[in-house]
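Just below is one structure, and these are the notes that go with it.
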Amino acid sequence: MKKIGLHEIRKEFLDFFEEKEHLIMDSFSLVPKNDNSLLLVNAGMAPLKPYFTGEKIPPSKRVVTCQKCIRTADIENVGKTDRHATFFEMLGNFSFGDYFKEEAIEWAWEFLTERMEIPEEALWASIYVEDDEAFEIWNKIIGLKDNKIVRLGKEDNFWELEVGPCGPCSEIYVDRGEEYGCGKKDCKPGCDCDRFIEVWNLVFTQFDKDEEGNYHPLEHPNIDTGMGLERITAVMEGARNIFEVEEIQHILKSVEEISGKTYGENSETDASIRVITDHSRAITFLVSDGVLPSNEGRGYVLRRLIRRAARHGKLLGIEGSFLTNVVDGVISSWKVEYPELEKRKEQIKKVIQAEEDKFQETIHQGLNILEQYIDELIKKEEKCLKGEKAFILYDTYGFPLDLTREILEERGFYVDEEGFNQQMEEQRSRARKARESFADSGWKKGQSIELFNGYDCKFKGYEVLKLKTEILGLFEEGKAIQNLEEGKEGIVILKETPFYAESGGQVGDTGYIRGNNFVAKVWDTKYISDKVIAHFINMEEGTASVGDEVYGVVDEKRRENIKRNHSATHLLHRALKDVLGEHVNQAGSIVLPNRLRFDFTHYEAVNKKELWEIERIVNERILESLEVQTINTTLKKSQEMGVLGLFEDKYGDEVRIVQMGDYTKELCGGTHVENTSNIGLFKIISESSIASGVRRIEAITGYEVYRYLNQLEKDLEDISTILKTDKNHLIDKVYSLTEELKKKEKELDSLKSKMASSIAEDIINTSIEVDGIRLISYKLKNMDMEALRSLGDEIKNGIDSGIVILASTYNDKVSFVSMVTKDLIDKGVHAGNIIREVAKITGGGGGGRPDMAQAGGKDINKVEEALNMIPSIIREQLK
């Protein structure tokens with residue numbers, strides 16, 4: 001066989017089929033485009049489905065790719081065996097109604113025997129049991145002997161879905177030798193042993209299966225082939241499995257270096273090393289393709305992989321975050337084919353680091369809690385962890401259910417998943433109710449929506465703010481009426497309206513509707529259906545009637561403020577992408593007259609420097625006076641124009657593009673300024689987290705920025721007056737006061753230390769013995785946790801051996817500190833475990849290290865009882 005590595009095989013394969021007049025297409029993103037049936041691309045042909053179905057015309061009838069793929073269906077087995085992996089690359093050549101079986105088989109044989117120099121005697125083929133045509137090609141044209149062509153049934157050699165294109169397949173196997181086999185005389189492809197390894201699957205899509213199960217020949221049959229790059233590399237390098245492939249070995253060795261463990265010495269250690277080696281490739285490519293950790297969809301897959309790898313790092317004894325060090329090796333090797341990895345290196349590492357750090361913050365506590373749960377199961381002789389406890393691990397400590405399940409299974413237990421899902425649904429229900437109670441929609445969709453059937457109100461508010469129109473319908477308390485009198489509240493449906501109805505995050509317009517006999521104040525405008533716009537009104541004068549000719553007048557000043565804020569969100573969205581990266585996407589927004597709120601996907605807090613840069617860019621675009629244009633076109637045309645579209649599934653065929661100079665283009669139905677200069681000024685007020693992987697910016701524009709600056713000026717004047725200085729010297733004054741305060745704090749700390757020293761000896765003298773161990777427990781008043789720890793250190797330093805437990809009541813709360821000398825730790829005494837049990841008695845909790853721990857309590861009346869229980873708690877530990 002040819003001596004050749006993974007990256008060289010990839011290039012040889014692509015070059016070979018380019019010589020056969022195939023178009024080389026770059027790997028598609030792992031995130032499927034316009035395919036809701038897939039969470040992540042899991043096969044080479046997956047992104048090419050539109051070409052196979054005829055939905056799109058392929059750029060060439062012959063295509064060759066090396067496609068990135070992720071499969072997580074059996075993630076629990078990754079690591080346990082050396083066969084399973086989540087990330088892999090799939091080599092494939094494809095024909096869309098061009099060549100068929102003969103060429104597909106001939107070229108596969110040519111590539112393996114001539115380019116890869118695999119001996120012909122080592123190659124076998126399997127075919128579908130009824131595919132005589134494939135047999136004839138293999139036997140008569142290729143020259144493969146009868147006994148090396150294995151006929152297998154539908155389960156193995158026929159590719160199909162419930163309906164649609166399908167067909168038989170032929171798989172090519174490499175005989176790795178008797179040393180890999182089971183020893184049986186009839187061992188051949190299809191056997192469960194490791195001797196025959198399948199390297200290439202050739203799918204002959206020649207039928208169209210109907211709903212009755214009938215197979216109709218396709219007029220233009222297709223070819224779809226797939227060869228796992230890692231698998232063929234293992235064969236070429238003589239590796240026993242993919243983890244011994246040279247390029248993957250580089251990653252594995254970096255895990256060895258970080259952990260200090262050696263692969264091949266221990267089965268449990270080997271499993272953890274394999275998990276990290278595999279998952280590091282998967283998370284690198286997922287983040288590169290724009291996926292961010294979250295609790296749903298592909299974001300959850302990424303989070304699960306990062307946290308699973310981090311947990312296996314803990315099992316290897318790795319302290320702290322380490323995955324980005326492994327990722328460096330992945331990028332260094334795979335950038336030869338995927339240069340975007342190097343370009344996005346910093347972003348990739350930032351995302352992974354942030355997620356791993358977040359998990360590291362809680363993993364110790366979570367693992368300790370889970371250990372306690374397992375101890376409880378052992379004591380009760382039970383095997384199932386209750387769903388509510390698994391939910392606590394998920395909700396409080398960030399343990400995905402899969403991780404809890406995996407750890408439990410390793411110990412011979414299982415989790416009540418139904419109970420977990422019930423807890424999850426209850427939490428979602430509480431969140432929904434909270435949103436519903438917070439939202440004041442003014443109209444509930446379930447409230448006799450049939451009343452509005454047949455009405456059609458056309459929106460004219462892009463062009464005008466005042467419009468002569470006609471009342472088509474009046475409604476009061478869920479009933480259609482003919483007249484609405486002075487002092488009443490109701491809903492008006494107009495024939496045409498200048499009022500913008502709430503949608504796309506933009507609030508509805510307010511204003512007035514005036515007729516010959518009445519004046520009605522419009523306090524909100526909403527869509528009841530796609531065609532019906534409801535105007536919520538208070539009748540201020542006279543009586544309105546169905547059929548009245550009226551004028552609808554929008555509150556112009558309010559609308560202008562809304563337009564400023566809406567246009568600013570578009571500039572903000574583009575600026576966020578420019579500063580933070582293209583992974584940023586809108587996750588929600590609200591556009592009000594006095595402020596805007598913009599939610600976006602990002603993996604960490606936006607720092608001050610980044611916020612200043614984002615704010616600078618937006619104001620720069622405002623001052624450039626960019627023209628704002630609106631273009632009505634088709635969704636398909638907008639995609640060709642590279643327009644930024646959010647929540648694409650909600651758009652119809654006709655869409656509206658809002659373009660601001662050459663800086664930003666977005667699909668949007670909202671109202672906007674005519675020129676960015678109309679926005680005036682833009683100021684970010686706050687940046688915060690609203691969910692895992694989702695950040696929120698609140699900002700103001702125009703007059704609100706002017707008011708904000710005026711208030712800031714007034715506040716500075718007030719502060720200057722209080723500090724008895726002027727604005728020009730305010731910073732110097734604050735600095736001098738801070739320095740003075742630090743000196744006072746040092747003096748206070750010195751006094752506290754002297755006080756601790758003075759009472760430490762008295763407290764030591766109260767010590768008792770518990771089974772030969774010196775115990776010092778003492779209750780104090782009005783000492784905060786810091787002072788309590790300082791006193792504990794003083795006491796511990798004053799004794800050779802013993803346990804120190806201090807309690808203090810302060811502001812109706814209880815604080816506990818526990819300390820243990822090293823010699824007693826070696827005997828099994830654990831400060832964290834002691835203090836946890838002590839705090840429980842006062843209705844609190846806590847824990848910590850074996851040598852030092854702290855806790856809090858709620859019931860100050862039970863402190864004495866808690867301290868009296870310490871001897872029995874210590875005796876329990878020493879058993």
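Chain labels follow the order of the structure tokens: the first chain is A, the next B, and so on; residue numbering restarts at 1 in every chain, and ligands are counted from 1 in their shown order.
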
Using DSSP secondary structure from the backbone, list all helix (DSSP H, G or I) positions within segment 230-435 of chain A, as a PDB file with C-alpha atoms, in the first residue's frame.
```pdb
ATOM      1  CA  GLU A 230     -10.531   8.640   8.867  1.00  0.00           C
ATOM      2  CA  ARG A 231     -11.370   5.011   8.120  1.00  0.00           C
ATOM      3  CA  ILE A 232      -9.521   4.800   4.797  1.00  0.00           C
ATOM      4  CA  THR A 233      -6.586   6.590   6.467  1.00  0.00           C
ATOM      5  CA  ALA A 234      -6.512   3.934   9.201  1.00  0.00           C
ATOM      6  CA  VAL A 235      -6.308   1.276   6.491  1.00  0.00           C
ATOM      7  CA  MET A 236      -3.543   3.095   4.601  1.00  0.00           C
ATOM      8  CA  GLU A 237      -1.486   3.709   7.742  1.00  0.00           C
ATOM      9  CA  ILE A 242      -9.133   5.871  13.881  1.00  0.00           C
ATOM     10  CA  PHE A 243      -7.530   6.971  17.170  1.00  0.00           C
ATOM     11  CA  GLU A 244      -4.219   5.567  15.919  1.00  0.00           C
ATOM     12  CA  GLU A 246      -1.265   9.887  12.720  1.00  0.00           C
ATOM     13  CA  GLU A 247      -3.083  13.256  12.551  1.00  0.00           C
ATOM     14  CA  ILE A 248      -5.542  12.196  15.275  1.00  0.00           C
ATOM     15  CA  GLN A 249      -2.618  10.828  17.290  1.00  0.00           C
ATOM     16  CA  HIS A 250      -1.212  14.380  17.461  1.00  0.00           C
ATOM     17  CA  ILE A 251      -4.402  15.455  19.285  1.00  0.00           C
ATOM     18  CA  LEU A 252      -4.369  12.371  21.493  1.00  0.00           C
ATOM     19  CA  LYS A 253      -0.764  13.005  22.504  1.00  0.00           C
ATOM     20  CA  SER A 254      -1.597  16.592  23.486  1.00  0.00           C
ATOM     21  CA  VAL A 255      -4.262  15.165  25.837  1.00  0.00           C
ATOM     22  CA  GLU A 256      -1.597  12.836  27.257  1.00  0.00           C
ATOM     23  CA  GLU A 257       0.757  15.777  27.838  1.00  0.00           C
ATOM     24  CA  ILE A 258      -1.897  17.916  29.541  1.00  0.00           C
ATOM     25  CA  SER A 259      -3.172  15.080  31.745  1.00  0.00           C
ATOM     26  CA  SER A 267      -9.017   1.105  29.945  1.00  0.00           C
ATOM     27  CA  GLU A 268     -10.838   3.828  31.920  1.00  0.00           C
ATOM     28  CA  THR A 269      -8.119   6.389  31.249  1.00  0.00           C
ATOM     29  CA  ASP A 270      -8.094   5.377  27.564  1.00  0.00           C
ATOM     30  CA  ALA A 271     -11.848   6.022  27.325  1.00  0.00           C
ATOM     31  CA  SER A 272     -11.472   9.556  28.703  1.00  0.00           C
ATOM     32  CA  ILE A 273      -8.545  10.326  26.384  1.00  0.00           C
ATOM     33  CA  ARG A 274     -10.606   9.115  23.386  1.00  0.00           C
ATOM     34  CA  VAL A 275     -13.594  11.277  24.424  1.00  0.00           C
ATOM     35  CA  ILE A 276     -11.473  14.446  24.598  1.00  0.00           C
ATOM     36  CA  THR A 277      -9.608  13.596  21.365  1.00  0.00           C
ATOM     37  CA  ASP A 278     -12.837  13.090  19.438  1.00  0.00           C
ATOM     38  CA  HIS A 279     -14.905  15.870  20.986  1.00  0.00           C
ATOM     39  CA  SER A 280     -12.162  18.469  20.512  1.00  0.00           C
ATOM     40  CA  ARG A 281     -12.472  18.101  16.728  1.00  0.00           C
ATOM     41  CA  ALA A 282     -16.269  18.269  16.872  1.00  0.00           C
ATOM     42  CA  ILE A 283     -16.431  21.398  19.029  1.00  0.00           C
ATOM     43  CA  THR A 284     -13.762  23.171  16.955  1.00  0.00           C
ATOM     44  CA  PHE A 285     -15.687  22.737  13.712  1.00  0.00           C
ATOM     45  CA  LEU A 286     -19.105  23.422  15.283  1.00  0.00           C
ATOM     46  CA  VAL A 287     -17.980  26.769  16.698  1.00  0.00           C
ATOM     47  CA  SER A 288     -16.172  27.620  13.453  1.00  0.00           C
ATOM     48  CA  GLY A 297     -30.995  22.325  19.247  1.00  0.00           C
ATOM     49  CA  ARG A 298     -27.485  22.275  17.812  1.00  0.00           C
ATOM     50  CA  GLY A 299     -26.349  24.664  20.560  1.00  0.00           C
ATOM     51  CA  TYR A 300     -27.219  21.953  23.067  1.00  0.00           C
ATOM     52  CA  VAL A 301     -25.177  19.416  21.091  1.00  0.00           C
ATOM     53  CA  LEU A 302     -22.167  21.739  21.344  1.00  0.00           C
ATOM     54  CA  ARG A 303     -22.716  22.382  25.063  1.00  0.00           C
ATOM     55  CA  ARG A 304     -23.069  18.662  25.706  1.00  0.00           C
ATOM     56  CA  LEU A 305     -19.814  17.873  23.859  1.00  0.00           C
ATOM     57  CA  ILE A 306     -17.823  20.609  25.639  1.00  0.00           C
ATOM     58  CA  ARG A 307     -19.104  19.615  29.074  1.00  0.00           C
ATOM     59  CA  ARG A 308     -18.639  15.904  28.420  1.00  0.00           C
ATOM     60  CA  ALA A 309     -15.020  16.521  27.373  1.00  0.00           C
ATOM     61  CA  ALA A 310     -14.446  18.796  30.397  1.00  0.00           C
ATOM     62  CA  ARG A 311     -15.826  16.162  32.742  1.00  0.00           C
ATOM     63  CA  HIS A 312     -13.526  13.494  31.274  1.00  0.00           C
ATOM     64  CA  GLY A 313     -10.658  15.940  31.801  1.00  0.00           C
ATOM     65  CA  LYS A 314     -11.594  15.921  35.487  1.00  0.00           C
ATOM     66  CA  LEU A 315     -11.533  12.098  35.456  1.00  0.00           C
ATOM     67  CA  LEU A 323      -9.808  22.313  26.041  1.00  0.00           C
ATOM     68  CA  THR A 324      -8.496  25.338  24.141  1.00  0.00           C
ATOM     69  CA  ASN A 325      -4.989  23.855  24.384  1.00  0.00           C
ATOM     70  CA  VAL A 326      -6.255  20.720  22.627  1.00  0.00           C
ATOM     71  CA  VAL A 327      -8.177  22.825  20.100  1.00  0.00           C
ATOM     72  CA  ASP A 328      -4.923  24.579  19.125  1.00  0.00           C
ATOM     73  CA  GLY A 329      -3.675  21.226  17.803  1.00  0.00           C
ATOM     74  CA  VAL A 330      -6.879  20.611  15.833  1.00  0.00           C
ATOM     75  CA  ILE A 331      -6.660  24.012  14.149  1.00  0.00           C
ATOM     76  CA  SER A 332      -2.933  23.638  13.450  1.00  0.00           C
ATOM     77  CA  SER A 333      -3.507  20.343  11.619  1.00  0.00           C
ATOM     78  CA  TRP A 334      -6.847  20.866   9.848  1.00  0.00           C
ATOM     79  CA  GLU A 340     -11.260  29.466   8.045  1.00  0.00           C
ATOM     80  CA  LEU A 341     -10.180  27.663  11.241  1.00  0.00           C
ATOM     81  CA  GLU A 342      -7.077  29.838  11.454  1.00  0.00           C
ATOM     82  CA  LYS A 343      -9.043  32.998  10.626  1.00  0.00           C
ATOM     83  CA  LYS A 345      -9.101  30.795  15.814  1.00  0.00           C
ATOM     84  CA  GLU A 346      -9.517  33.459  18.510  1.00  0.00           C
ATOM     85  CA  GLN A 347     -13.307  33.342  18.327  1.00  0.00           C
ATOM     86  CA  ILE A 348     -13.350  29.525  18.412  1.00  0.00           C
ATOM     87  CA  LYS A 349     -11.144  29.469  21.498  1.00  0.00           C
ATOM     88  CA  LYS A 350     -13.101  32.240  23.214  1.00  0.00           C
ATOM     89  CA  VAL A 351     -16.413  30.427  22.805  1.00  0.00           C
ATOM     90  CA  ILE A 352     -15.026  27.113  24.052  1.00  0.00           C
ATOM     91  CA  GLN A 353     -13.103  28.768  26.915  1.00  0.00           C
ATOM     92  CA  ALA A 354     -16.199  30.683  28.071  1.00  0.00           C
ATOM     93  CA  GLU A 355     -18.377  27.563  28.078  1.00  0.00           C
ATOM     94  CA  GLU A 356     -15.758  25.424  29.792  1.00  0.00           C
ATOM     95  CA  ASP A 357     -15.107  28.107  32.425  1.00  0.00           C
ATOM     96  CA  LYS A 358     -18.830  28.341  33.078  1.00  0.00           C
ATOM     97  CA  PHE A 359     -18.992  24.583  33.632  1.00  0.00           C
ATOM     98  CA  GLN A 360     -15.835  24.574  35.767  1.00  0.00           C
ATOM     99  CA  GLU A 361     -17.514  27.043  38.153  1.00  0.00           C
ATOM    100  CA  THR A 362     -20.162  24.496  39.094  1.00  0.00           C
ATOM    101  CA  ILE A 363     -18.726  21.081  38.198  1.00  0.00           C
ATOM    102  CA  HIS A 364     -17.136  20.501  41.625  1.00  0.00           C
ATOM    103  CA  GLN A 365     -20.346  21.326  43.463  1.00  0.00           C
ATOM    104  CA  GLY A 366     -22.422  19.370  40.958  1.00  0.00           C
ATOM    105  CA  LEU A 367     -20.228  16.279  41.214  1.00  0.00           C
ATOM    106  CA  ASN A 368     -20.324  16.503  45.024  1.00  0.00           C
ATOM    107  CA  ILE A 369     -24.113  16.765  45.000  1.00  0.00           C
ATOM    108  CA  LEU A 370     -24.380  13.830  42.591  1.00  0.00           C
ATOM    109  CA  GLU A 371     -22.063  11.788  44.836  1.00  0.00           C
ATOM    110  CA  GLN A 372     -24.378  12.536  47.757  1.00  0.00           C
ATOM    111  CA  TYR A 373     -27.361  11.394  45.680  1.00  0.00           C
ATOM    112  CA  ILE A 374     -25.512   8.166  44.776  1.00  0.00           C
ATOM    113  CA  ASP A 375     -24.642   7.574  48.461  1.00  0.00           C
ATOM    114  CA  GLU A 376     -28.330   7.978  49.299  1.00  0.00           C
ATOM    115  CA  LEU A 377     -29.289   5.457  46.600  1.00  0.00           C
ATOM    116  CA  ILE A 378     -26.748   2.963  47.963  1.00  0.00           C
ATOM    117  CA  LYS A 379     -28.054   3.369  51.530  1.00  0.00           C
ATOM    118  CA  LYS A 380     -31.667   2.944  50.395  1.00  0.00           C
ATOM    119  CA  GLY A 387     -36.160  13.218  38.100  1.00  0.00           C
ATOM    120  CA  GLU A 388     -36.452  16.223  40.415  1.00  0.00           C
ATOM    121  CA  LYS A 389     -32.880  15.640  41.670  1.00  0.00           C
ATOM    122  CA  ALA A 390     -31.542  15.305  38.119  1.00  0.00           C
ATOM    123  CA  PHE A 391     -33.338  18.575  37.347  1.00  0.00           C
ATOM    124  CA  ILE A 392     -31.610  20.335  40.268  1.00  0.00           C
ATOM    125  CA  LEU A 393     -28.260  19.220  38.822  1.00  0.00           C
ATOM    126  CA  TYR A 394     -29.306  20.598  35.416  1.00  0.00           C
ATOM    127  CA  ASP A 395     -30.914  23.837  36.589  1.00  0.00           C
ATOM    128  CA  THR A 396     -28.470  24.804  39.361  1.00  0.00           C
ATOM    129  CA  TYR A 397     -25.171  23.207  38.376  1.00  0.00           C
ATOM    130  CA  LEU A 401     -29.268  15.235  31.619  1.00  0.00           C
ATOM    131  CA  ASP A 402     -27.021  13.147  29.359  1.00  0.00           C
ATOM    132  CA  LEU A 403     -24.026  13.782  31.632  1.00  0.00           C
ATOM    133  CA  THR A 404     -25.963  12.802  34.764  1.00  0.00           C
ATOM    134  CA  ARG A 405     -27.214   9.690  32.968  1.00  0.00           C
ATOM    135  CA  GLU A 406     -23.712   8.745  31.822  1.00  0.00           C
ATOM    136  CA  ILE A 407     -22.161   9.129  35.303  1.00  0.00           C
ATOM    137  CA  LEU A 408     -24.986   7.119  36.874  1.00  0.00           C
ATOM    138  CA  GLU A 409     -24.676   4.336  34.294  1.00  0.00           C
ATOM    139  CA  GLU A 410     -20.947   4.081  34.994  1.00  0.00           C
ATOM    140  CA  GLU A 417     -36.048  10.760  32.686  1.00  0.00           C
ATOM    141  CA  GLU A 418     -39.827  11.079  32.658  1.00  0.00           C
ATOM    142  CA  GLY A 419     -39.681  12.855  36.029  1.00  0.00           C
ATOM    143  CA  PHE A 420     -36.901  15.123  34.737  1.00  0.00           C
ATOM    144  CA  ASN A 421     -38.938  16.039  31.648  1.00  0.00           C
ATOM    145  CA  GLN A 422     -41.945  16.779  33.855  1.00  0.00           C
ATOM    146  CA  GLN A 423     -39.848  19.183  35.958  1.00  0.00           C
ATOM    147  CA  MET A 424     -38.556  20.814  32.769  1.00  0.00           C
ATOM    148  CA  GLU A 425     -42.092  21.279  31.432  1.00  0.00           C
ATOM    149  CA  GLU A 426     -43.245  22.756  34.748  1.00  0.00           C
ATOM    150  CA  GLN A 427     -40.422  25.290  34.571  1.00  0.00           C
ATOM    151  CA  ARG A 428     -41.359  26.206  30.989  1.00  0.00           C
ATOM    152  CA  SER A 429     -44.988  26.524  32.049  1.00  0.00           C
ATOM    153  CA  ARG A 430     -44.021  28.882  34.884  1.00  0.00           C
ATOM    154  CA  ALA A 431     -41.988  30.958  32.437  1.00  0.00           C
ATOM    155  CA  ARG A 432     -44.905  31.097  29.980  1.00  0.00           C
ATOM    156  CA  LYS A 433     -47.315  32.201  32.715  1.00  0.00           C
ATOM    157  CA  ALA A 434     -44.858  34.849  33.861  1.00  0.00           C
ATOM    158  CA  ARG A 435     -44.621  36.206  30.319  1.00  0.00           C
TER     159      ARG A 435
END
```

List as a PyMOL selection string the protein and nucleic acid residues near Gln586 of chain A, meaning an atom at most 10 Å away when only C-alpha atoms are counted, but skip any in the same chain fewer than 4 places from it.
chain A and resi 569-570+573+576+598-602+645-647+694-696

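The closest residue to Lys683 of chain A, picked from A:Tyr551, A:Val658, A:Lys743, A:Leu572 and counting only C-alpha atoms, is A:Leu572.
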
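From atom CA of His220 of chain A back to atom CA of Gly97 of chain A, the distance works out to 4.5 Å.
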
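For the pair atom CA of Gly845 of chain A and atom CA of Pro400 of chain A, the interatomic distance is 23.6 Å.
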
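Note that atom CA of Phe399 of chain A and atom CA of Gly290 of chain A are 23.2 Å apart.
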